[in-house]
$ cat upload_9.cif   # mmCIF, C-alpha atoms
data_target
loop_
_atom_site.label_atom_id
_atom_site.label_comp_id
_atom_site.auth_asym_id
_atom_site.auth_seq_id
_atom_site.Cartn_x
_atom_site.Cartn_y
_atom_site.Cartn_z
CA MET A 1 73.49 61.92 91.29
CA THR A 2 74.76 59.73 88.46
CA GLU A 3 78.40 59.11 87.72
CA ALA A 4 78.12 61.11 84.49
CA THR A 5 77.28 64.22 86.51
CA LEU A 6 80.27 63.87 88.83
CA LEU A 7 83.80 64.89 87.96
CA THR A 8 87.25 64.41 89.43
CA THR A 9 89.46 67.41 90.24
CA SER A 10 91.49 66.77 87.09
CA GLN A 11 88.37 66.71 84.92
CA ALA A 12 87.02 69.85 86.60
CA ALA A 13 90.38 71.57 86.17
CA GLU A 14 90.42 70.69 82.46
CA ILE A 15 86.98 72.18 81.90
CA LEU A 16 87.90 75.31 83.84
CA GLY A 17 91.34 75.62 82.27
CA VAL A 18 93.04 75.74 85.67
CA THR A 19 95.30 73.52 87.76
CA PRO A 20 93.87 70.56 89.70
CA THR A 21 95.34 72.26 92.80
CA TRP A 22 92.98 75.21 92.46
CA ALA A 23 90.06 72.93 91.68
CA GLY A 24 90.85 70.94 94.84
CA ALA A 25 91.12 74.14 96.88
CA LEU A 26 87.69 75.20 95.62
CA CYS A 27 86.26 71.85 96.68
CA ARG A 28 87.65 72.25 100.20
CA SER A 29 86.41 75.80 100.52
CA GLY A 30 82.95 75.13 99.12
CA GLY A 31 83.55 77.09 95.93
CA LEU A 32 82.53 73.98 93.99
CA ARG A 33 79.78 71.65 95.12
CA ALA A 34 81.68 68.49 95.89
CA GLU A 35 81.86 65.55 98.25
CA LYS A 36 84.94 63.72 99.39
CA LYS A 37 84.92 59.97 98.93
CA GLY A 38 88.04 58.56 100.54
CA LYS A 39 90.97 60.53 99.12
CA TYR A 40 89.17 61.90 96.08
CA TRP A 41 86.65 64.64 95.41
CA GLN A 42 83.49 64.01 93.46
CA ILE A 43 82.47 67.32 91.99
CA GLU A 44 79.05 68.20 90.63
CA LYS A 45 79.46 68.87 86.93
CA SER A 46 76.79 71.60 87.01
CA SER A 47 78.84 73.47 89.61
CA VAL A 48 81.90 73.34 87.35
CA LEU A 49 79.94 74.51 84.33
CA GLU A 50 78.45 77.43 86.32
CA LEU A 51 81.91 78.55 87.34
CA ALA A 52 83.25 78.09 83.82
CA GLU A 53 80.45 80.35 82.53
CA SER A 54 81.15 83.05 85.10
CA ARG A 55 84.85 82.94 84.26
CA LYS A 56 84.08 83.97 80.70
CA LYS A 57 83.02 87.41 81.97
CA PRO A 58 85.79 89.92 82.58
CA VAL A 59 86.48 90.77 86.21
CA PRO A 60 85.33 94.33 87.00
CA LYS A 61 88.16 96.76 87.64
CA GLU A 62 86.84 97.53 91.15
CA GLU A 63 86.97 93.85 92.04
CA LEU A 64 90.57 93.58 90.78
CA GLU A 65 91.52 96.57 92.89
CA ALA A 66 89.72 95.14 95.90
CA VAL A 67 91.67 91.87 95.62
CA ASP A 68 94.88 93.87 95.26
CA ARG A 69 94.07 95.81 98.42
CA GLU A 70 93.23 92.60 100.25
CA ILE A 71 96.57 91.05 99.31
CA SER A 72 98.51 94.20 100.26
CA GLU A 73 96.74 94.49 103.59
CA ASN A 74 97.46 90.83 104.34
CA GLU A 75 101.15 91.38 103.58
CA LEU A 76 101.32 94.38 105.91
CA LEU A 77 99.63 92.47 108.70
CA LYS A 78 101.97 89.51 108.29
CA GLU A 79 104.90 91.90 108.42
CA TYR A 80 103.54 93.45 111.62
CA VAL A 81 103.17 90.01 113.19
CA GLU A 82 106.68 88.99 112.18
CA LYS A 83 108.17 92.16 113.62
CA LYS A 84 106.28 91.65 116.83
CA ALA A 85 107.56 88.07 117.08
CA GLU A 86 111.10 89.20 116.31
CA LYS A 87 110.94 91.88 119.01
CA SER A 88 109.63 89.32 121.49
CA PHE A 89 112.52 87.00 120.59
CA MET A 90 115.08 89.81 120.87
CA ASP A 91 113.75 90.81 124.29
CA GLU A 92 114.07 87.22 125.47
CA VAL A 93 117.64 87.00 124.15
CA LEU A 94 118.55 90.30 125.80
CA ARG A 95 117.02 89.21 129.09
CA LEU A 96 119.07 86.01 129.01
CA ALA A 97 122.18 87.83 127.81
CA LYS A 98 122.04 90.01 130.91
CA LYS A 99 122.34 86.85 132.95
CA TYR A 100 125.43 85.84 131.00
CA SER A 101 127.02 89.13 130.02
CA PRO A 102 128.75 91.02 132.78
CA GLU A 103 129.25 94.07 130.54
CA VAL A 104 125.56 94.74 130.03
CA GLY A 105 124.97 94.28 133.74
CA ILE A 106 127.91 96.56 134.53
CA ILE A 107 126.59 99.34 132.29
CA LEU A 108 123.11 99.06 133.77
CA ALA A 109 124.58 99.08 137.30
CA GLY A 110 126.52 102.20 136.32
CA PHE A 111 123.36 103.94 135.16
CA ALA A 112 121.57 102.97 138.36
CA THR A 113 124.45 104.33 140.44
CA ALA A 114 124.54 107.58 138.45
CA ILE A 115 120.79 108.07 138.88
CA PHE A 116 120.56 107.27 142.58
CA LEU A 117 123.90 108.77 143.63
CA PRO A 118 124.15 111.81 141.35
CA GLY A 119 126.94 113.45 143.28
CA CYS A 120 129.12 110.36 143.10
CA ASP A 121 131.50 109.72 140.21
CA ALA A 122 131.38 105.93 140.61
CA GLY A 123 128.43 105.59 138.24
CA ARG A 124 130.32 107.18 135.33
CA HIS A 125 133.36 105.02 135.97
CA ILE A 126 131.30 101.84 136.09
CA ILE A 127 129.61 102.73 132.77
CA MET A 128 133.05 103.49 131.28
CA LEU A 129 134.27 100.08 132.45
CA GLY A 130 131.31 98.37 130.78
CA PHE A 131 131.77 100.18 127.46
CA THR A 132 135.53 99.55 127.39
CA SER A 133 134.99 95.86 127.97
CA LEU A 134 132.33 95.72 125.24
CA LEU A 135 134.61 97.51 122.75
CA ARG A 136 137.44 95.11 123.52
CA LYS A 137 135.17 92.13 122.89
CA LEU A 138 133.89 93.72 119.71
CA ASN A 139 137.46 93.94 118.39
CA GLU A 140 138.06 90.30 119.26
CA LYS A 141 134.85 89.39 117.42
CA LYS A 142 135.95 91.38 114.34
CA GLU A 143 139.10 89.34 114.06
CA GLU A 144 137.25 86.11 114.73
CA LEU A 145 134.40 86.59 112.28
CA ASN A 146 135.84 88.97 109.76
CA GLU A 147 132.66 91.04 109.82
CA GLU A 148 134.47 94.30 109.76
CA GLU A 149 131.87 96.52 108.16
CA THR A 150 128.97 95.64 110.44
CA LEU A 151 131.09 95.61 113.54
CA ASN A 152 132.73 98.90 112.65
CA GLU A 153 129.27 100.47 112.68
CA LYS A 154 128.61 99.00 116.11
CA GLU A 155 132.01 100.11 117.32
CA SER A 156 131.44 103.69 116.22
CA PHE A 157 127.96 103.61 117.81
CA LEU A 158 129.44 102.45 121.12
CA MET A 159 132.22 105.03 120.92
CA ARG A 160 129.70 107.80 120.26
CA LEU A 161 127.70 106.61 123.28
CA ARG A 162 130.82 106.53 125.40
CA ARG A 163 131.74 110.08 124.31
CA LEU A 164 128.24 111.17 125.32
CA PHE A 165 128.99 110.21 128.91
CA PHE A 166 132.67 110.94 128.88
CA PRO A 167 133.22 114.01 126.63
CA MET B 1 118.62 69.06 115.17
CA ALA B 2 118.04 71.55 112.34
CA LYS B 3 115.63 73.61 114.46
CA SER B 4 118.11 73.97 117.35
CA ALA B 5 120.90 74.88 114.95
CA GLY B 6 118.57 77.51 113.48
CA LEU B 7 117.87 78.86 116.97
CA LEU B 8 121.58 79.20 117.75
CA ASP B 9 122.08 81.18 114.52
CA ARG B 10 119.15 83.43 115.42
CA VAL B 11 120.61 84.08 118.87
CA LYS B 12 124.02 84.92 117.37
CA ARG B 13 122.37 87.33 114.91
CA VAL B 14 120.45 89.08 117.66
CA LEU B 15 123.45 89.35 119.96
CA GLY B 16 125.57 90.66 117.09
CA GLY B 17 122.90 93.20 116.23
CA LEU B 18 122.79 94.40 119.83
CA GLY B 19 126.57 94.63 119.98
CA ILE B 20 126.76 92.04 122.71
CA SER B 21 129.67 89.67 122.59
CA LEU B 22 129.47 86.43 124.52
CA SER B 23 131.56 83.30 124.49
CA PRO B 24 130.30 80.39 122.35
CA ALA B 25 129.47 78.48 125.54
CA LYS B 26 127.30 81.29 126.86
CA THR B 27 125.63 81.80 123.49
CA SER B 28 124.81 78.08 123.36
CA ALA B 29 123.44 78.25 126.89
CA ILE B 30 121.07 81.04 125.81
CA ALA B 31 120.01 79.01 122.77
CA ASP B 32 119.37 75.99 125.02
CA GLU B 33 117.16 77.99 127.36
CA LEU B 34 115.20 79.37 124.42
CA SER B 35 114.87 75.88 122.99
CA LYS B 36 113.22 74.74 126.22
CA LYS B 37 110.79 77.66 126.04
CA LEU B 38 110.05 76.83 122.40
CA LYS B 39 109.27 73.22 123.30
CA ARG B 40 106.53 74.42 125.66
CA ALA B 41 103.63 74.38 123.24
CA PRO B 42 101.45 77.49 122.96
CA ARG B 43 98.34 77.03 125.11
CA ILE B 44 95.16 78.14 123.49
CA ALA B 45 91.81 78.20 125.22
CA LEU B 46 89.06 77.66 122.72
CA LEU B 47 85.57 78.80 123.54
CA GLY B 48 82.46 78.52 121.43
CA GLU B 49 79.48 76.33 120.74
CA THR B 50 79.57 73.19 118.64
CA GLY B 51 79.66 73.92 114.96
CA VAL B 52 81.07 77.45 115.05
CA GLY B 53 84.26 76.28 113.33
CA LYS B 54 86.80 75.74 116.10
CA SER B 55 88.67 72.92 114.35
CA SER B 56 88.65 74.63 110.98
CA THR B 57 89.99 77.80 112.60
CA LEU B 58 92.85 75.88 114.19
CA ASN B 59 93.53 74.28 110.81
CA ALA B 60 93.54 77.66 109.12
CA LEU B 61 95.94 79.17 111.68
CA PHE B 62 98.28 76.30 112.44
CA ASN B 63 97.57 73.67 109.78
CA ALA B 64 96.81 71.53 112.82
CA GLY B 65 95.10 68.31 111.89
CA ALA B 66 93.38 65.79 114.11
CA PRO B 67 94.30 65.69 117.80
CA ILE B 68 97.40 63.62 118.59
CA ASP B 69 95.70 62.19 121.63
CA HIS B 70 93.34 63.21 124.37
CA ILE B 71 95.68 64.01 127.17
CA LYS B 72 95.48 65.63 130.54
CA PRO B 73 98.72 67.50 131.05
CA CYS B 74 100.39 66.52 134.27
CA THR B 75 101.14 70.14 135.08
CA LEU B 76 97.46 70.82 135.65
CA GLU B 77 95.12 69.47 138.25
CA THR B 78 92.47 67.20 136.86
CA VAL B 79 90.14 69.03 134.56
CA GLU B 80 86.72 67.52 134.35
CA TYR B 81 84.83 69.44 131.77
CA THR B 82 87.49 70.70 129.43
CA VAL B 83 88.74 68.60 126.57
CA VAL B 84 92.49 69.04 126.36
CA THR B 85 94.20 67.97 123.21
CA GLU B 86 97.64 68.31 121.79
CA ARG B 87 97.43 69.01 118.10
CA GLU B 88 100.32 68.65 115.72
CA GLY B 89 100.55 71.70 113.54
CA SER B 90 102.87 71.74 110.57
CA HIS B 91 105.34 73.80 112.64
CA GLY B 92 105.01 71.94 115.92
CA PRO B 93 102.43 71.08 118.54
CA ILE B 94 99.89 73.36 120.17
CA LEU B 95 97.90 72.62 123.30
CA VAL B 96 94.21 73.30 122.93
CA PHE B 97 91.81 73.63 125.84
CA ASP B 98 88.30 73.16 124.50
CA MET B 99 86.29 74.89 127.21
CA PRO B 100 82.72 73.95 128.14
CA GLY B 101 80.01 76.38 127.13
CA MET B 102 78.20 78.52 129.67
CA GLY B 103 74.58 79.60 129.91
CA GLN B 104 72.82 76.26 129.81
CA ASP B 105 71.81 76.01 133.47
CA LEU B 106 72.92 77.55 136.75
CA LYS B 107 74.34 74.36 138.24
CA SER B 108 76.58 73.65 135.23
CA ASP B 109 77.59 77.30 135.07
CA GLU B 110 78.86 77.19 138.64
CA LEU B 111 80.93 74.08 137.89
CA PHE B 112 82.26 75.52 134.67
CA LYS B 113 83.23 78.80 136.36
CA LYS B 114 85.72 76.89 138.50
CA GLU B 115 87.06 75.21 135.39
CA TYR B 116 87.53 78.55 133.66
CA ALA B 117 89.24 80.01 136.72
CA LYS B 118 91.65 77.07 136.78
CA ILE B 119 92.53 76.89 133.12
CA LEU B 120 92.29 80.33 131.53
CA PRO B 121 95.08 81.98 133.54
CA THR B 122 97.49 79.26 132.33
CA CYS B 123 96.75 79.91 128.66
CA ASP B 124 98.64 82.19 126.29
CA VAL B 125 95.51 83.32 124.51
CA ALA B 126 91.80 82.61 124.63
CA LEU B 127 89.96 82.50 121.32
CA TRP B 128 86.22 82.78 121.51
CA ILE B 129 84.58 81.84 118.24
CA LEU B 130 81.12 82.98 117.30
CA ASP B 131 79.09 82.08 114.25
CA ALA B 132 78.48 85.24 112.25
CA ARG B 133 75.12 83.95 111.07
CA THR B 134 73.72 83.53 114.60
CA ARG B 135 72.25 86.58 116.27
CA ALA B 136 71.95 85.19 119.82
CA LEU B 137 74.69 86.52 122.05
CA SER B 138 73.17 86.36 125.51
CA THR B 139 75.17 83.35 126.68
CA ALA B 140 78.37 84.83 125.32
CA GLN B 141 77.64 88.11 127.03
CA ALA B 142 76.91 86.47 130.37
CA SER B 143 80.10 84.42 130.27
CA LEU B 144 82.17 87.37 129.25
CA GLU B 145 80.88 89.61 131.99
CA GLY B 146 81.64 87.28 134.84
CA VAL B 147 83.82 84.35 134.11
CA VAL B 148 86.40 85.04 131.47
CA SER B 149 87.17 88.47 132.82
CA SER B 150 87.86 87.32 136.37
CA SER B 151 89.77 84.21 135.25
CA MET B 152 92.15 86.07 133.04
CA SER B 153 92.46 89.22 135.13
CA GLY B 154 90.66 91.29 132.58
CA LEU B 155 90.28 90.48 128.94
CA SER B 156 93.69 91.38 127.61
CA ARG B 157 94.29 87.84 126.36
CA LEU B 158 90.91 87.28 124.75
CA VAL B 159 90.17 87.46 121.05
CA VAL B 160 86.64 87.09 119.69
CA GLY B 161 86.56 85.58 116.23
CA VAL B 162 83.36 85.95 114.22
CA ASN B 163 83.61 83.02 111.83
CA LYS B 164 81.61 81.93 108.78
CA ILE B 165 81.11 85.40 107.35
CA ASP B 166 81.09 83.68 103.96
CA GLY B 167 77.66 82.27 104.84
CA MET B 168 76.09 85.61 105.72
CA GLU B 169 73.06 86.79 103.86
CA PRO B 170 72.51 86.87 100.92
CA GLY B 171 75.09 84.06 100.65
CA ASP B 172 76.54 85.24 97.33
CA TRP B 173 80.23 85.03 98.18
CA ASN B 174 82.39 85.91 95.19
CA ILE B 175 84.13 82.64 94.34
CA ARG B 176 86.52 84.13 91.81
CA SER B 177 87.87 86.95 93.97
CA ASN B 178 87.28 85.01 97.21
CA ARG B 179 85.61 88.03 98.76
CA PRO B 180 82.20 88.91 100.15
CA SER B 181 79.71 90.50 97.74
CA ALA B 182 78.83 94.14 98.25
CA GLN B 183 75.66 93.28 100.17
CA GLN B 184 77.50 90.72 102.28
CA GLN B 185 80.10 93.33 103.15
CA LYS B 186 77.38 95.64 104.45
CA ASN B 187 75.86 92.84 106.50
CA ILE B 188 79.23 91.73 107.86
CA LYS B 189 80.01 95.29 108.90
CA ALA B 190 76.64 95.67 110.59
CA ARG B 191 77.02 92.35 112.38
CA ALA B 192 80.52 93.18 113.59
CA GLU B 193 79.33 96.56 114.89
CA ASP B 194 76.44 94.89 116.69
CA ILE B 195 78.75 92.35 118.34
CA LYS B 196 81.22 95.06 119.34
CA LYS B 197 78.45 97.15 120.84
CA ARG B 198 77.02 94.27 122.85
CA LEU B 199 80.23 92.63 124.00
CA CYS B 200 82.41 95.67 124.51
CA THR B 201 79.86 97.54 126.61
CA ALA B 202 79.27 94.40 128.71
CA ALA B 203 82.94 94.04 129.49
CA ASP B 204 86.19 95.87 129.14
CA LEU B 205 87.00 94.32 125.76
CA ASP B 206 88.88 96.24 123.10
CA GLU B 207 86.98 96.52 119.82
CA SER B 208 90.14 95.65 117.91
CA ARG B 209 89.93 92.15 119.39
CA ILE B 210 86.69 91.33 117.59
CA ILE B 211 87.56 89.95 114.17
CA PRO B 212 85.16 88.84 111.43
CA TYR B 213 86.72 86.15 109.24
CA SER B 214 86.11 82.92 107.37
CA ALA B 215 88.28 79.91 108.18
CA LYS B 216 86.80 77.99 105.23
CA LYS B 217 87.67 80.72 102.74
CA SER B 218 91.00 81.66 104.41
CA TYR B 219 89.63 85.19 104.52
CA GLN B 220 90.91 87.84 106.97
CA LEU B 221 93.11 85.29 108.74
CA PRO B 222 96.02 87.77 109.03
CA HIS B 223 93.64 90.08 110.92
CA LEU B 224 92.80 87.25 113.32
CA LEU B 225 96.47 86.39 113.71
CA LYS B 226 97.37 90.00 114.49
CA ALA B 227 94.71 90.10 117.20
CA LEU B 228 96.02 86.84 118.69
CA MET B 229 99.59 88.14 118.72
CA ASP B 230 98.50 91.40 120.33
CA ALA B 231 96.63 89.41 122.98
CA CYS B 232 99.48 87.00 123.67
CA PRO B 233 101.91 87.86 126.52
CA LYS B 234 105.05 89.48 125.08
CA ASP B 235 107.41 86.73 126.20
CA ARG B 236 105.31 84.08 124.43
CA GLN B 237 104.66 85.91 121.17
CA TRP B 238 107.72 84.47 119.44
CA VAL B 239 106.71 80.94 120.48
CA LEU B 240 103.16 81.38 119.17
CA HIS B 241 104.50 82.84 115.93
CA ASP B 242 106.79 79.83 115.54
CA ARG B 243 103.77 77.54 115.28
CA ILE B 244 101.78 79.60 112.81
CA ASP B 245 101.13 78.19 109.34
CA LEU B 246 98.49 80.48 107.96
CA ALA B 247 96.19 79.29 105.20
CA ASP B 248 96.70 81.53 102.19
CA TYR B 249 93.87 83.76 100.93
CA GLU B 250 95.45 83.92 97.45
CA GLU B 251 95.27 80.15 97.00
CA LEU B 252 91.52 80.49 96.60
CA VAL B 253 91.59 83.49 94.26
CA ASP B 254 91.00 82.76 90.58
CA PRO B 255 94.46 82.41 88.96
CA ALA B 256 93.22 84.58 86.09
CA ILE B 257 92.71 87.45 88.57
CA LEU B 258 96.16 87.00 90.07
CA LYS B 259 97.63 86.95 86.57
CA ALA B 260 95.78 90.17 85.67
CA LEU B 261 97.09 91.85 88.84
CA LYS B 262 100.64 90.76 88.08
CA LYS B 263 100.31 92.14 84.56
CA ARG B 264 99.07 95.49 85.91
CA LYS B 265 102.07 95.77 88.19
CA THR B 266 104.60 95.04 85.44
CA ASN B 267 102.98 97.54 83.00
#

$ encode --input "upload_9.cif" --output "structure tokens"
Amino acid sequence: MTEATLLTTSQAAEILGVTPTWAGALCRSGGLRAEKKGKYWQIEKSSVLELAESRKKPVPKEELEAVDREISENELLKEYVEKKAEKSFMDEVLRLAKKYSPEVGIILAGFATAIFLPGCDAGRHIIMLGFTSLLRKLNEKKEELNEEETLNEKESFLMRLRRLFFP
Amino acid sequence: MAKSAGLLDRVKRVLGGLGISLSPAKTSAIADELSKKLKRAPRIALLGETGVGKSSTLNALFNAGAPIDHIKPCTLETVEYTVVTEREGSHGPILVFDMPGMGQDLKSDELFKKEYAKILPTCDVALWILDARTRALSTAQASLEGVVSSSMSGLSRLVVGVNKIDGMEPGDWNIRSNRPSAQQQKNIKARAEDIKKRLCTAADLDESRIIPYSAKKSYQLPHLLKALMDACPKDRQWVLHDRIDLADYEELVDPAILKALKKRKTN
């Protein structure tokens, strides 16, 4: 292979009318026949010319749609993975919060008492204690952080829950 | 420092979202515990013969370059046949256990079985990579039936990646759209079905864990990632996700195609 038949990524990009970044990516992925010498790619000119020729043809509509579907599917999968990771993180935080938050533990203890000792009122009172403590802390947090809107929603959710158990 | 500050903010957001109010000291304590868990690198068992694309797959998933060093982690007993390396991904290190292959001879298989039994249960996921172009599966089947299954208490943490689908017959991968040709798609589908039939009937392996992909072309990597996340224990999923730096399929698509798609969406 003579030097005249080998191109750099910049030269290949110029012929193709694309960025050197895409030309380099094609070299790495085997889309262009190329060899790496040190830091630089040496690209077969014939490979570049073949691609340039094929790029003159319009892309069939079905192929465009297929790429679109591929991209959309990838996005959905990435979203699924992110949500899964977020849930995993939340579960870990909640597990640790139970260690540190007496209120959550109190509410759970109340539920356990109510389930296993149905005739006894202690369970309901323990749950009430937990909710009251949580609401008090929520109010303190509102003043501290000035996040009234979001915390108001949480407050009303907690109050609705409390009313469910204590109508 | 920035990462731990980010973790504290994440913890505060989660606690706020759950309506849980803790003192700053307790919130920091939670963030510290999570930071320790995050520092424990994801452990990935890598199985597959030489040349199937193990390194390029790790690169495609984690942007993990050359091994930092050959190390034997002190938490494990000496491992004789497994190459353990810590690789620095762009988002942090991962610990890779390159497992010896089975099916060469009975004596080696017996030795390797002990290795598998020692290492696999300590890993977050096991990724078994096959070359899509190779039809032989007998060694993979044999290993799957006996060793991997008993070492990992079933196959819930195993993912089988079928790499190099870009090289499948007739080898006319579409460079511009970075997708298999129509004939390649048929062959890939047939190959995947064949692998599923042979591996899933041999062992209790879910079909959804067998993923055809191409590390070189960054093709179907999100599918592989999803399978890995599904296989990973729930309490480690967020740690694994933290290390991911997925190679982008679109980077290899002809910019003219991406431009045409963008134009369609705006019209």

$ resolve_selection --input "upload_9.cif" --expression "the PyMOL selection byres ((chain B) within 6 of (chain A))" --output "ChimeraX atom specification"
/B:175,216-217,222,226,234-235,237-238

$ resolve_selection --input "upload_9.cif" --expression "the PyMOL selection byres ((chain B and resi 224) around 12)" --output "PDB file with C-alpha atoms, in the coordinates of the input"
ATOM      1  CA  ASN A  74      97.460  90.830 104.340  1.00  0.00           C
ATOM      2  CA  LEU A  77      99.630  92.470 108.700  1.00  0.00           C
ATOM      3  CA  LYS A  78     101.970  89.510 108.290  1.00  0.00           C
ATOM      4  CA  VAL A  81     103.170  90.010 113.190  1.00  0.00           C
TER       5      VAL A  81
ATOM      6  CA  THR B  57      89.990  77.800 112.600  1.00  0.00           C
ATOM      7  CA  LEU B  58      92.850  75.880 114.190  1.00  0.00           C
ATOM      8  CA  ALA B  60      93.540  77.660 109.120  1.00  0.00           C
ATOM      9  CA  LEU B  61      95.940  79.170 111.680  1.00  0.00           C
ATOM     10  CA  LEU B 127      89.960  82.500 121.320  1.00  0.00           C
ATOM     11  CA  TRP B 128      86.220  82.780 121.510  1.00  0.00           C
ATOM     12  CA  ILE B 129      84.580  81.840 118.240  1.00  0.00           C
ATOM     13  CA  LEU B 158      90.910  87.280 124.750  1.00  0.00           C
ATOM     14  CA  VAL B 159      90.170  87.460 121.050  1.00  0.00           C
ATOM     15  CA  VAL B 160      86.640  87.090 119.690  1.00  0.00           C
ATOM     16  CA  GLY B 161      86.560  85.580 116.230  1.00  0.00           C
ATOM     17  CA  VAL B 162      83.360  85.950 114.220  1.00  0.00           C
ATOM     18  CA  ASN B 163      83.610  83.020 111.830  1.00  0.00           C
ATOM     19  CA  SER B 208      90.140  95.650 117.910  1.00  0.00           C
ATOM     20  CA  ARG B 209      89.930  92.150 119.390  1.00  0.00           C
ATOM     21  CA  ILE B 210      86.690  91.330 117.590  1.00  0.00           C
ATOM     22  CA  ILE B 211      87.560  89.950 114.170  1.00  0.00           C
ATOM     23  CA  PRO B 212      85.160  88.840 111.430  1.00  0.00           C
ATOM     24  CA  TYR B 213      86.720  86.150 109.240  1.00  0.00           C
ATOM     25  CA  SER B 214      86.110  82.920 107.370  1.00  0.00           C
ATOM     26  CA  ALA B 215      88.280  79.910 108.180  1.00  0.00           C
ATOM     27  CA  SER B 218      91.000  81.660 104.410  1.00  0.00           C
ATOM     28  CA  TYR B 219      89.630  85.190 104.520  1.00  0.00           C
ATOM     29  CA  GLN B 220      90.910  87.840 106.970  1.00  0.00           C
ATOM     30  CA  LEU B 221      93.110  85.290 108.740  1.00  0.00           C
ATOM     31  CA  PRO B 222      96.020  87.770 109.030  1.00  0.00           C
ATOM     32  CA  HIS B 223      93.640  90.080 110.920  1.00  0.00           C
ATOM     33  CA  LEU B 225      96.470  86.390 113.710  1.00  0.00           C
ATOM     34  CA  LYS B 226      97.370  90.000 114.490  1.00  0.00           C
ATOM     35  CA  ALA B 227      94.710  90.100 117.200  1.00  0.00           C
ATOM     36  CA  LEU B 228      96.020  86.840 118.690  1.00  0.00           C
ATOM     37  CA  MET B 229      99.590  88.140 118.720  1.00  0.00           C
ATOM     38  CA  ASP B 230      98.500  91.400 120.330  1.00  0.00           C
ATOM     39  CA  ALA B 231      96.630  89.410 122.980  1.00  0.00           C
ATOM     40  CA  ILE B 244     101.780  79.600 112.810  1.00  0.00           C
ATOM     41  CA  LEU B 246      98.490  80.480 107.960  1.00  0.00           C
ATOM     42  CA  ALA B 247      96.190  79.290 105.200  1.00  0.00           C
TER      43      ALA B 247
END

$ atom_distance --input "upload_9.cif" --atom1 "atom CA of Asp98 of chain B" --atom2 "atom CA of Glu49 of chain B"
10.1 Å

$ resolve_selection --input "upload_9.cif" --expression "the PyMOL selection byres ((chain B and resi 32) around 12)" --output "PyMOL selection string"
(chain A and resi 93+96) or (chain B and resi 3-8+11+25-31+33-39)

$ residues_near_point --input "upload_9.cif" --point "(86.3, 65.1, 94.6)" --cutoff "8 Å" --atoms "all atoms listed in the file" --output "list in words"
Leu7, Thr8, Thr9, Gly24, Cys27, Ala34, Glu35, Lys36, Lys37, Lys39, Tyr40, Trp41, Gln42 and Ile43 of chain A

$ atom_distance --input "upload_9.cif" --atom1 "atom CA of Pro100 of chain B" --atom2 "atom CA of Asn59 of chain B"
20.4 Å
